[in-house]
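Structure data follow from entry.cif (mmCIF, N, CA and C atoms):
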data_my_file
#
loop_
_atom_site.label_atom_id
_atom_site.label_comp_id
_atom_site.auth_asym_id
_atom_site.auth_seq_id
_atom_site.Cartn_x
_atom_site.Cartn_y
_atom_site.Cartn_z
N MET G 1 -57.81 20.98 122.94
CA MET G 1 -57.46 19.78 123.68
C MET G 1 -58.70 18.98 124.06
N ILE G 2 -59.74 19.68 124.45
CA ILE G 2 -60.99 19.01 124.82
C ILE G 2 -61.60 18.35 123.59
N ASP G 3 -61.49 19.00 122.43
CA ASP G 3 -62.00 18.41 121.19
C ASP G 3 -61.33 17.07 120.91
N MET G 4 -60.03 17.02 121.11
CA MET G 4 -59.29 15.78 120.87
C MET G 4 -59.74 14.69 121.85
N THR G 5 -60.00 15.07 123.09
CA THR G 5 -60.46 14.11 124.09
C THR G 5 -61.80 13.51 123.68
N PHE G 6 -62.74 14.37 123.28
CA PHE G 6 -64.05 13.86 122.85
C PHE G 6 -63.94 13.01 121.59
N LEU G 7 -63.05 13.36 120.71
CA LEU G 7 -62.84 12.56 119.50
C LEU G 7 -62.33 11.17 119.87
N LEU G 8 -61.38 11.09 120.78
CA LEU G 8 -60.85 9.79 121.21
C LEU G 8 -61.91 8.97 121.93
N ILE G 9 -62.68 9.61 122.79
CA ILE G 9 -63.75 8.89 123.50
C ILE G 9 -64.75 8.33 122.50
N THR G 10 -65.14 9.14 121.53
CA THR G 10 -66.09 8.68 120.51
C THR G 10 -65.51 7.50 119.72
N PHE G 11 -64.24 7.61 119.36
CA PHE G 11 -63.60 6.52 118.62
C PHE G 11 -63.61 5.21 119.42
N PHE G 12 -63.25 5.28 120.70
CA PHE G 12 -63.21 4.07 121.51
C PHE G 12 -64.60 3.48 121.73
N ILE G 13 -65.58 4.31 121.92
CA ILE G 13 -66.95 3.81 122.09
C ILE G 13 -67.41 3.10 120.83
N MET G 14 -67.16 3.71 119.67
CA MET G 14 -67.58 3.10 118.41
C MET G 14 -66.83 1.80 118.14
N SER G 15 -65.53 1.76 118.44
CA SER G 15 -64.77 0.54 118.18
C SER G 15 -65.20 -0.59 119.09
N ILE G 16 -65.60 -0.29 120.30
CA ILE G 16 -66.10 -1.33 121.21
C ILE G 16 -67.41 -1.88 120.68
N ARG G 17 -68.30 -1.02 120.22
CA ARG G 17 -69.60 -1.46 119.72
C ARG G 17 -69.45 -2.29 118.45
N PHE G 18 -68.56 -1.90 117.53
CA PHE G 18 -68.36 -2.66 116.31
C PHE G 18 -67.67 -3.98 116.59
N GLY G 19 -66.81 -4.04 117.59
CA GLY G 19 -66.11 -5.27 117.93
C GLY G 19 -67.03 -6.34 118.46
N GLN G 20 -68.14 -5.94 119.06
CA GLN G 20 -69.07 -6.91 119.64
C GLN G 20 -70.26 -7.18 118.73
N GLN G 21 -70.31 -6.57 117.60
CA GLN G 21 -71.43 -6.71 116.69
C GLN G 21 -71.51 -8.14 116.16
N GLY G 22 -72.68 -8.73 116.19
CA GLY G 22 -72.87 -10.07 115.68
C GLY G 22 -72.68 -11.17 116.71
N GLU G 23 -72.10 -10.86 117.86
CA GLU G 23 -71.86 -11.88 118.86
C GLU G 23 -73.13 -12.30 119.57
N GLU G 24 -74.14 -11.42 119.61
CA GLU G 24 -75.36 -11.75 120.32
C GLU G 24 -76.22 -12.75 119.56
N ARG G 25 -75.94 -13.00 118.30
CA ARG G 25 -76.74 -13.93 117.50
C ARG G 25 -76.33 -15.38 117.69
N VAL G 26 -75.22 -15.63 118.36
CA VAL G 26 -74.69 -16.97 118.48
C VAL G 26 -74.68 -17.39 119.95
N LYS G 27 -75.28 -18.52 120.26
CA LYS G 27 -75.25 -19.07 121.61
C LYS G 27 -74.22 -20.20 121.62
N LEU G 28 -73.11 -19.96 122.29
CA LEU G 28 -72.02 -20.93 122.29
C LEU G 28 -72.35 -22.16 123.12
N PRO G 29 -71.82 -23.33 122.72
CA PRO G 29 -71.99 -24.52 123.54
C PRO G 29 -71.06 -24.46 124.75
N ASN G 30 -71.30 -25.30 125.73
CA ASN G 30 -70.47 -25.37 126.92
C ASN G 30 -69.40 -26.45 126.74
N ALA G 31 -68.23 -26.23 127.38
CA ALA G 31 -67.15 -27.21 127.32
C ALA G 31 -66.38 -27.19 128.63
N ASP G 32 -66.05 -28.36 129.14
CA ASP G 32 -65.30 -28.47 130.39
C ASP G 32 -63.87 -27.99 130.23
N GLN G 33 -63.27 -28.22 129.07
CA GLN G 33 -61.85 -27.93 128.85
C GLN G 33 -61.60 -26.57 128.17
N ALA G 34 -62.60 -25.70 128.10
CA ALA G 34 -62.43 -24.41 127.41
C ALA G 34 -61.42 -23.53 128.14
N THR G 35 -60.56 -22.86 127.38
CA THR G 35 -59.56 -21.96 127.94
C THR G 35 -59.61 -20.63 127.20
N SER G 36 -59.16 -19.59 127.84
CA SER G 36 -59.10 -18.27 127.23
C SER G 36 -57.77 -18.12 126.51
N MET G 37 -57.82 -17.56 125.27
CA MET G 37 -56.59 -17.42 124.48
C MET G 37 -56.45 -15.99 124.00
N THR G 38 -55.28 -15.39 124.25
CA THR G 38 -54.96 -14.09 123.69
C THR G 38 -53.48 -14.04 123.34
N ASP G 39 -53.18 -13.55 122.17
CA ASP G 39 -51.80 -13.36 121.72
C ASP G 39 -51.80 -12.16 120.80
N GLN G 40 -51.09 -11.11 121.18
CA GLN G 40 -51.11 -9.86 120.42
C GLN G 40 -50.42 -9.98 119.07
N ARG G 41 -49.58 -10.99 118.86
CA ARG G 41 -48.85 -11.12 117.59
C ARG G 41 -49.67 -11.84 116.54
N VAL G 42 -50.83 -12.34 116.91
CA VAL G 42 -51.67 -13.11 116.00
C VAL G 42 -52.93 -12.32 115.70
N GLU G 43 -53.30 -12.26 114.43
CA GLU G 43 -54.56 -11.62 114.06
C GLU G 43 -55.67 -12.67 114.18
N LEU G 44 -56.65 -12.37 115.01
CA LEU G 44 -57.78 -13.28 115.21
C LEU G 44 -58.92 -12.86 114.29
N ILE G 45 -59.45 -13.83 113.58
CA ILE G 45 -60.65 -13.62 112.77
C ILE G 45 -61.75 -14.47 113.38
N ALA G 46 -62.76 -13.81 113.94
CA ALA G 46 -63.88 -14.52 114.56
C ALA G 46 -64.98 -14.71 113.52
N VAL G 47 -65.37 -15.97 113.32
CA VAL G 47 -66.43 -16.30 112.39
C VAL G 47 -67.60 -16.86 113.20
N ASN G 48 -68.73 -16.17 113.15
CA ASN G 48 -69.92 -16.63 113.84
C ASN G 48 -70.75 -17.46 112.88
N VAL G 49 -71.10 -18.67 113.30
CA VAL G 49 -71.98 -19.54 112.51
C VAL G 49 -73.33 -19.54 113.21
N THR G 50 -74.33 -19.00 112.56
CA THR G 50 -75.64 -18.88 113.18
C THR G 50 -76.38 -20.21 113.17
N LYS G 51 -77.49 -20.24 113.87
CA LYS G 51 -78.30 -21.46 113.99
C LYS G 51 -78.74 -21.98 112.62
N ASP G 52 -79.00 -21.06 111.69
CA ASP G 52 -79.45 -21.47 110.36
C ASP G 52 -78.31 -21.62 109.36
N GLY G 53 -77.03 -21.62 109.85
CA GLY G 53 -75.89 -21.92 109.00
C GLY G 53 -75.28 -20.75 108.25
N ARG G 54 -75.67 -19.51 108.59
CA ARG G 54 -75.08 -18.34 107.94
C ARG G 54 -73.76 -17.99 108.64
N TYR G 55 -72.86 -17.32 107.90
CA TYR G 55 -71.55 -16.92 108.43
C TYR G 55 -71.53 -15.41 108.63
N LEU G 56 -71.08 -14.99 109.81
CA LEU G 56 -70.95 -13.57 110.11
C LEU G 56 -69.51 -13.28 110.50
N ILE G 57 -68.91 -12.31 109.82
CA ILE G 57 -67.57 -11.83 110.18
C ILE G 57 -67.72 -10.35 110.47
N ASN G 58 -67.38 -9.94 111.68
CA ASN G 58 -67.54 -8.56 112.13
C ASN G 58 -68.98 -8.08 111.95
N GLY G 59 -69.93 -8.97 112.19
CA GLY G 59 -71.34 -8.62 112.10
C GLY G 59 -71.91 -8.56 110.71
N VAL G 60 -71.09 -8.87 109.70
CA VAL G 60 -71.54 -8.81 108.30
C VAL G 60 -71.66 -10.23 107.76
N GLU G 61 -72.82 -10.53 107.16
CA GLU G 61 -73.02 -11.87 106.61
C GLU G 61 -72.13 -12.08 105.39
N GLN G 62 -71.47 -13.24 105.34
CA GLN G 62 -70.55 -13.57 104.25
C GLN G 62 -70.92 -14.94 103.68
N SER G 63 -70.72 -15.09 102.39
CA SER G 63 -70.88 -16.41 101.77
C SER G 63 -69.57 -17.16 101.92
N SER G 64 -69.55 -18.43 101.55
CA SER G 64 -68.33 -19.23 101.63
C SER G 64 -67.22 -18.64 100.76
N SER G 65 -67.56 -18.22 99.54
CA SER G 65 -66.54 -17.66 98.65
C SER G 65 -66.05 -16.31 99.16
N ASP G 66 -66.95 -15.50 99.76
CA ASP G 66 -66.53 -14.22 100.35
C ASP G 66 -65.58 -14.46 101.51
N PHE G 67 -65.89 -15.47 102.33
CA PHE G 67 -65.02 -15.80 103.46
C PHE G 67 -63.63 -16.20 102.97
N LEU G 68 -63.57 -17.02 101.95
CA LEU G 68 -62.29 -17.47 101.41
C LEU G 68 -61.47 -16.29 100.88
N ARG G 69 -62.12 -15.40 100.13
CA ARG G 69 -61.42 -14.20 99.63
C ARG G 69 -60.94 -13.32 100.78
N TYR G 70 -61.77 -13.14 101.79
CA TYR G 70 -61.42 -12.29 102.94
C TYR G 70 -60.20 -12.86 103.68
N VAL G 71 -60.20 -14.16 103.93
CA VAL G 71 -59.09 -14.78 104.67
C VAL G 71 -57.80 -14.72 103.84
N ARG G 72 -57.89 -14.97 102.56
CA ARG G 72 -56.69 -14.89 101.71
C ARG G 72 -56.12 -13.47 101.70
N ALA G 73 -56.98 -12.47 101.65
CA ALA G 73 -56.52 -11.08 101.67
C ALA G 73 -55.86 -10.75 103.01
N ARG G 74 -56.46 -11.20 104.11
CA ARG G 74 -55.89 -10.94 105.44
C ARG G 74 -54.57 -11.69 105.60
N LYS G 75 -54.48 -12.88 105.04
CA LYS G 75 -53.24 -13.67 105.16
C LYS G 75 -52.10 -13.00 104.41
N ASP G 76 -52.40 -12.37 103.29
CA ASP G 76 -51.37 -11.65 102.54
C ASP G 76 -50.84 -10.45 103.32
N GLU G 77 -51.70 -9.83 104.13
CA GLU G 77 -51.32 -8.63 104.89
C GLU G 77 -50.69 -8.95 106.24
N SER G 78 -51.05 -10.08 106.83
CA SER G 78 -50.62 -10.40 108.19
C SER G 78 -49.72 -11.63 108.18
N LYS G 79 -48.79 -11.68 109.12
CA LYS G 79 -47.88 -12.82 109.19
C LYS G 79 -48.56 -14.07 109.73
N LYS G 80 -49.34 -13.93 110.80
CA LYS G 80 -49.95 -15.10 111.43
C LYS G 80 -51.42 -14.80 111.69
N ILE G 81 -52.26 -15.71 111.24
CA ILE G 81 -53.70 -15.57 111.41
C ILE G 81 -54.23 -16.79 112.15
N GLU G 82 -55.17 -16.54 113.03
CA GLU G 82 -55.89 -17.63 113.68
C GLU G 82 -57.38 -17.36 113.53
N ILE G 83 -58.11 -18.38 113.17
CA ILE G 83 -59.54 -18.25 112.98
C ILE G 83 -60.24 -18.91 114.16
N VAL G 84 -61.16 -18.18 114.76
CA VAL G 84 -61.96 -18.70 115.87
C VAL G 84 -63.38 -18.86 115.36
N VAL G 85 -63.87 -20.08 115.35
CA VAL G 85 -65.21 -20.38 114.87
C VAL G 85 -66.15 -20.40 116.08
N ARG G 86 -67.12 -19.50 116.06
CA ARG G 86 -68.10 -19.40 117.13
C ARG G 86 -69.41 -19.96 116.61
N GLY G 87 -69.58 -21.27 116.70
CA GLY G 87 -70.78 -21.92 116.19
C GLY G 87 -71.89 -21.93 117.20
N ASP G 88 -73.08 -21.56 116.77
CA ASP G 88 -74.26 -21.62 117.63
C ASP G 88 -74.49 -23.07 118.04
N ARG G 89 -74.89 -23.28 119.28
CA ARG G 89 -75.09 -24.66 119.75
C ARG G 89 -76.18 -25.40 118.99
N GLY G 90 -77.05 -24.65 118.30
CA GLY G 90 -78.11 -25.28 117.52
C GLY G 90 -77.76 -25.42 116.04
N SER G 91 -76.56 -25.01 115.64
CA SER G 91 -76.20 -25.07 114.21
C SER G 91 -75.71 -26.46 113.84
N GLU G 92 -75.79 -26.76 112.57
CA GLU G 92 -75.28 -28.03 112.05
C GLU G 92 -73.75 -27.98 112.04
N PHE G 93 -73.11 -29.09 112.38
CA PHE G 93 -71.65 -29.10 112.40
C PHE G 93 -71.07 -29.00 111.00
N ASN G 94 -71.84 -29.36 109.99
CA ASN G 94 -71.35 -29.24 108.61
C ASN G 94 -70.97 -27.80 108.27
N ALA G 95 -71.72 -26.82 108.80
CA ALA G 95 -71.41 -25.41 108.54
C ALA G 95 -70.09 -25.03 109.19
N VAL G 96 -69.83 -25.54 110.39
CA VAL G 96 -68.57 -25.28 111.08
C VAL G 96 -67.43 -25.98 110.35
N GLN G 97 -67.67 -27.20 109.93
CA GLN G 97 -66.67 -27.99 109.22
C GLN G 97 -66.28 -27.31 107.89
N ARG G 98 -67.25 -26.69 107.22
CA ARG G 98 -66.98 -25.99 105.97
C ARG G 98 -66.01 -24.83 106.20
N ILE G 99 -66.18 -24.09 107.30
CA ILE G 99 -65.26 -23.00 107.63
C ILE G 99 -63.86 -23.55 107.88
N MET G 100 -63.77 -24.69 108.54
CA MET G 100 -62.46 -25.30 108.80
C MET G 100 -61.79 -25.70 107.49
N ARG G 101 -62.54 -26.27 106.55
CA ARG G 101 -61.98 -26.66 105.26
C ARG G 101 -61.55 -25.45 104.44
N LEU G 102 -62.38 -24.41 104.43
CA LEU G 102 -62.03 -23.20 103.69
C LEU G 102 -60.80 -22.52 104.28
N SER G 103 -60.66 -22.56 105.60
CA SER G 103 -59.48 -21.99 106.26
C SER G 103 -58.22 -22.72 105.82
N ALA G 104 -58.29 -24.04 105.77
CA ALA G 104 -57.14 -24.83 105.32
C ALA G 104 -56.83 -24.54 103.86
N GLU G 105 -57.87 -24.37 103.05
CA GLU G 105 -57.67 -24.05 101.64
C GLU G 105 -56.99 -22.69 101.46
N ALA G 106 -57.27 -21.74 102.39
CA ALA G 106 -56.66 -20.42 102.34
C ALA G 106 -55.25 -20.41 102.93
N GLY G 107 -54.84 -21.54 103.51
CA GLY G 107 -53.49 -21.63 104.07
C GLY G 107 -53.40 -21.32 105.55
N VAL G 108 -54.53 -21.23 106.22
CA VAL G 108 -54.55 -20.97 107.67
C VAL G 108 -54.69 -22.31 108.38
N ARG G 109 -53.72 -22.62 109.23
CA ARG G 109 -53.72 -23.90 109.93
C ARG G 109 -54.22 -23.81 111.36
N ASP G 110 -54.26 -22.58 111.92
CA ASP G 110 -54.71 -22.41 113.30
C ASP G 110 -56.18 -22.04 113.33
N VAL G 111 -57.01 -23.04 113.59
CA VAL G 111 -58.45 -22.84 113.67
C VAL G 111 -58.91 -23.38 115.02
N SER G 112 -59.64 -22.55 115.76
CA SER G 112 -60.14 -22.94 117.08
C SER G 112 -61.65 -22.89 117.08
N LEU G 113 -62.25 -23.69 117.95
CA LEU G 113 -63.69 -23.65 118.15
C LEU G 113 -63.96 -22.99 119.49
N ALA G 114 -64.84 -22.01 119.51
CA ALA G 114 -65.16 -21.30 120.74
C ALA G 114 -66.27 -22.02 121.48
N ALA G 115 -66.16 -22.03 122.81
CA ALA G 115 -67.19 -22.61 123.67
C ALA G 115 -67.15 -21.87 124.99
N LEU G 116 -68.22 -21.96 125.73
CA LEU G 116 -68.27 -21.38 127.07
C LEU G 116 -67.70 -22.38 128.05
N GLN G 117 -66.90 -21.89 128.99
CA GLN G 117 -66.30 -22.76 129.99
C GLN G 117 -67.33 -23.00 131.08
N THR G 118 -67.52 -24.25 131.44
CA THR G 118 -68.45 -24.59 132.51
C THR G 118 -67.74 -24.59 133.84
N THR G 119 -68.46 -24.24 134.87
CA THR G 119 -67.91 -24.27 136.22
C THR G 119 -68.17 -25.64 136.83
N ASP G 120 -67.71 -25.85 138.04
CA ASP G 120 -67.92 -27.14 138.71
C ASP G 120 -69.39 -27.45 138.91
N SER G 121 -70.22 -26.42 139.05
CA SER G 121 -71.66 -26.63 139.26
C SER G 121 -72.39 -26.90 137.96
N GLY G 122 -71.68 -26.77 136.81
CA GLY G 122 -72.30 -27.08 135.51
C GLY G 122 -72.82 -25.85 134.79
N ALA G 123 -72.79 -24.68 135.43
CA ALA G 123 -73.25 -23.45 134.77
C ALA G 123 -72.13 -22.87 133.94
N ALA G 124 -72.51 -22.23 132.83
CA ALA G 124 -71.51 -21.60 131.95
C ALA G 124 -71.11 -20.26 132.50
N GLU G 125 -69.82 -19.92 132.32
CA GLU G 125 -69.32 -18.61 132.77
C GLU G 125 -69.51 -17.58 131.70
#

Entire entry expressed as structure tokens:
Amino acid sequence: MIDMTFLLITFFIMSIRFGQQGEERVKLPNADQATSMTDQRVELIAVNVTKDGRYLINGVEQSSSDFLRYVRARKDESKKIEIVVRGDRGSEFNAVQRIMRLSAEAGVRDVSLAALQTTDSGAAE
């Protein structure tokens, strides 16, 4: 029984670390109207766009064609997909726009842009 407990603890620790991988490379812009979104029936695909225009999905660098293949494969397996683009505040918008176009080409219509919500004092949360 103790072995199973340690196995579960190890699994949860590793899944938390892999879930946050790649997020530290992107500094999100601030937005007054930013809201938090969660829906368990929707598969979220977070795409990080780095300052130099590279794409990271789950911490792994992907090319445009790799991204398109990945989204099409996920769309075949899942009923509803939403893509969240986490663009670095120093990145070119063309890189973000390219992800939006590729998402539409793959048949995904729900694409969101991530930003940090600002407080009344102007600081990001």

Worksheet, complete the sentence: Computed gap from atom N of Val108 of chain G to atom CA of Val42 of chain G is 13.0 Å

Worksheet item: Counting only C-alpha atoms, which of G:Ile2, G:Leu102, G:Val49, G:Ala73 gets nearest to Gly90 of chain G?
Response: G:Val49

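Nearest-residue note for Leu44 of chain G: choosing from G:Ala95, G:Ser112, G:Ser64, G:Met4, the minimum distance belongs to G:Ser112, counting only C-alpha atoms.
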
Practice prompt. Run through the PyMOL selection byres ((chain G and resi 91) around 7) on the given coordinates and return the selected residues as a ChimeraX atom specification.
Written response: /G:49-53,87-90,92-96

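Pairwise distance (atom C of Lys79 of chain G, atom N of Ile13 of chain G) equals 27.9 Å.
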
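Of the residues listed (G:Val111, G:Val60, G:Leu116, G:Lys75), G:Val111 shows the shortest atom-to-atom separation from Ile99 of chain G; distances use all atoms listed in the file.
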
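Closest approach to Ala106 of chain G among G:Arg54, G:Arg72, G:Ile45, G:Met1 is made by G:Arg72 (distances from all atoms listed in the file).
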
Worksheet, complete the sentence: The residue from G:Asp3, G:Val71, G:Leu8, G:Ser78 with the smallest atom-to-atom distance to Ser103 of chain G, counting only N, CA and C atoms, is G:Val71

Worksheet entry | Distance criterion (only C-alpha atoms): nearest to Ala115 of chain G out of G:Phe67, G:Tyr55, G:Gln97, G:Asn48 | G:Asn48

Worksheet entry | Pairwise distance for atom CA of Val84 of chain G and atom CA of Val47 of chain G, rounded to one decimal in Å | 6.2 Å

Discussion item. Using DSSP assignments from the backbone, pull out every residue in segment 31-103 of chain G that falls under alpha helix (DSSP H) and give it to me as a PyMOL selection string.
Written reply: chain G and resi 64-77+93-103

Would you output that residue set with N, CA and C atoms, as a PDB file, keeping the file's coordinate frame?
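Ended up saving to out25.pdb:
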ATOM      1  N   SER G  64     -69.550 -18.430 101.550  1.00  0.00           N
ATOM      2  CA  SER G  64     -68.330 -19.230 101.630  1.00  0.00           C
ATOM      3  C   SER G  64     -67.220 -18.640 100.760  1.00  0.00           C
ATOM      4  N   SER G  65     -67.560 -18.220  99.540  1.00  0.00           N
ATOM      5  CA  SER G  65     -66.540 -17.660  98.650  1.00  0.00           C
ATOM      6  C   SER G  65     -66.050 -16.310  99.160  1.00  0.00           C
ATOM      7  N   ASP G  66     -66.950 -15.500  99.760  1.00  0.00           N
ATOM      8  CA  ASP G  66     -66.530 -14.220 100.350  1.00  0.00           C
ATOM      9  C   ASP G  66     -65.580 -14.460 101.510  1.00  0.00           C
ATOM     10  N   PHE G  67     -65.890 -15.470 102.330  1.00  0.00           N
ATOM     11  CA  PHE G  67     -65.020 -15.800 103.460  1.00  0.00           C
ATOM     12  C   PHE G  67     -63.630 -16.200 102.970  1.00  0.00           C
ATOM     13  N   LEU G  68     -63.570 -17.020 101.950  1.00  0.00           N
ATOM     14  CA  LEU G  68     -62.290 -17.470 101.410  1.00  0.00           C
ATOM     15  C   LEU G  68     -61.470 -16.290 100.880  1.00  0.00           C
ATOM     16  N   ARG G  69     -62.120 -15.400 100.130  1.00  0.00           N
ATOM     17  CA  ARG G  69     -61.420 -14.200  99.630  1.00  0.00           C
ATOM     18  C   ARG G  69     -60.940 -13.320 100.780  1.00  0.00           C
ATOM     19  N   TYR G  70     -61.770 -13.140 101.790  1.00  0.00           N
ATOM     20  CA  TYR G  70     -61.420 -12.290 102.940  1.00  0.00           C
ATOM     21  C   TYR G  70     -60.200 -12.860 103.680  1.00  0.00           C
ATOM     22  N   VAL G  71     -60.200 -14.160 103.930  1.00  0.00           N
ATOM     23  CA  VAL G  71     -59.090 -14.780 104.670  1.00  0.00           C
ATOM     24  C   VAL G  71     -57.800 -14.720 103.840  1.00  0.00           C
ATOM     25  N   ARG G  72     -57.890 -14.970 102.560  1.00  0.00           N
ATOM     26  CA  ARG G  72     -56.690 -14.890 101.710  1.00  0.00           C
ATOM     27  C   ARG G  72     -56.120 -13.470 101.700  1.00  0.00           C
ATOM     28  N   ALA G  73     -56.980 -12.470 101.650  1.00  0.00           N
ATOM     29  CA  ALA G  73     -56.520 -11.080 101.670  1.00  0.00           C
ATOM     30  C   ALA G  73     -55.860 -10.750 103.010  1.00  0.00           C
ATOM     31  N   ARG G  74     -56.460 -11.200 104.110  1.00  0.00           N
ATOM     32  CA  ARG G  74     -55.890 -10.940 105.440  1.00  0.00           C
ATOM     33  C   ARG G  74     -54.570 -11.690 105.600  1.00  0.00           C
ATOM     34  N   LYS G  75     -54.480 -12.880 105.040  1.00  0.00           N
ATOM     35  CA  LYS G  75     -53.240 -13.670 105.160  1.00  0.00           C
ATOM     36  C   LYS G  75     -52.100 -13.000 104.410  1.00  0.00           C
ATOM     37  N   ASP G  76     -52.400 -12.370 103.290  1.00  0.00           N
ATOM     38  CA  ASP G  76     -51.370 -11.650 102.540  1.00  0.00           C
ATOM     39  C   ASP G  76     -50.840 -10.450 103.320  1.00  0.00           C
ATOM     40  N   GLU G  77     -51.700  -9.830 104.130  1.00  0.00           N
ATOM     41  CA  GLU G  77     -51.320  -8.630 104.890  1.00  0.00           C
ATOM     42  C   GLU G  77     -50.690  -8.950 106.240  1.00  0.00           C
ATOM     43  N   PHE G  93     -73.110 -29.090 112.380  1.00  0.00           N
ATOM     44  CA  PHE G  93     -71.650 -29.100 112.400  1.00  0.00           C
ATOM     45  C   PHE G  93     -71.070 -29.000 111.000  1.00  0.00           C
ATOM     46  N   ASN G  94     -71.840 -29.360 109.990  1.00  0.00           N
ATOM     47  CA  ASN G  94     -71.350 -29.240 108.610  1.00  0.00           C
ATOM     48  C   ASN G  94     -70.970 -27.800 108.270  1.00  0.00           C
ATOM     49  N   ALA G  95     -71.720 -26.820 108.800  1.00  0.00           N
ATOM     50  CA  ALA G  95     -71.410 -25.410 108.540  1.00  0.00           C
ATOM     51  C   ALA G  95     -70.090 -25.030 109.190  1.00  0.00           C
ATOM     52  N   VAL G  96     -69.830 -25.540 110.390  1.00  0.00           N
ATOM     53  CA  VAL G  96     -68.570 -25.280 111.080  1.00  0.00           C
ATOM     54  C   VAL G  96     -67.430 -25.980 110.350  1.00  0.00           C
ATOM     55  N   GLN G  97     -67.670 -27.200 109.930  1.00  0.00           N
ATOM     56  CA  GLN G  97     -66.670 -27.990 109.220  1.00  0.00           C
ATOM     57  C   GLN G  97     -66.280 -27.310 107.890  1.00  0.00           C
ATOM     58  N   ARG G  98     -67.250 -26.690 107.220  1.00  0.00           N
ATOM     59  CA  ARG G  98     -66.980 -25.990 105.970  1.00  0.00           C
ATOM     60  C   ARG G  98     -66.010 -24.830 106.200  1.00  0.00           C
ATOM     61  N   ILE G  99     -66.180 -24.090 107.300  1.00  0.00           N
ATOM     62  CA  ILE G  99     -65.260 -23.000 107.630  1.00  0.00           C
ATOM     63  C   ILE G  99     -63.860 -23.550 107.880  1.00  0.00           C
ATOM     64  N   MET G 100     -63.770 -24.690 108.540  1.00  0.00           N
ATOM     65  CA  MET G 100     -62.460 -25.300 108.800  1.00  0.00           C
ATOM     66  C   MET G 100     -61.790 -25.700 107.490  1.00  0.00           C
ATOM     67  N   ARG G 101     -62.540 -26.270 106.550  1.00  0.00           N
ATOM     68  CA  ARG G 101     -61.980 -26.660 105.260  1.00  0.00           C
ATOM     69  C   ARG G 101     -61.550 -25.450 104.440  1.00  0.00           C
ATOM     70  N   LEU G 102     -62.380 -24.410 104.430  1.00  0.00           N
ATOM     71  CA  LEU G 102     -62.030 -23.200 103.690  1.00  0.00           C
ATOM     72  C   LEU G 102     -60.800 -22.520 104.280  1.00  0.00           C
ATOM     73  N   SER G 103     -60.660 -22.560 105.600  1.00  0.00           N
ATOM     74  CA  SER G 103     -59.480 -21.990 106.260  1.00  0.00           C
ATOM     75  C   SER G 103     -58.220 -22.720 105.820  1.00  0.00           C
TER      76      SER G 103
END
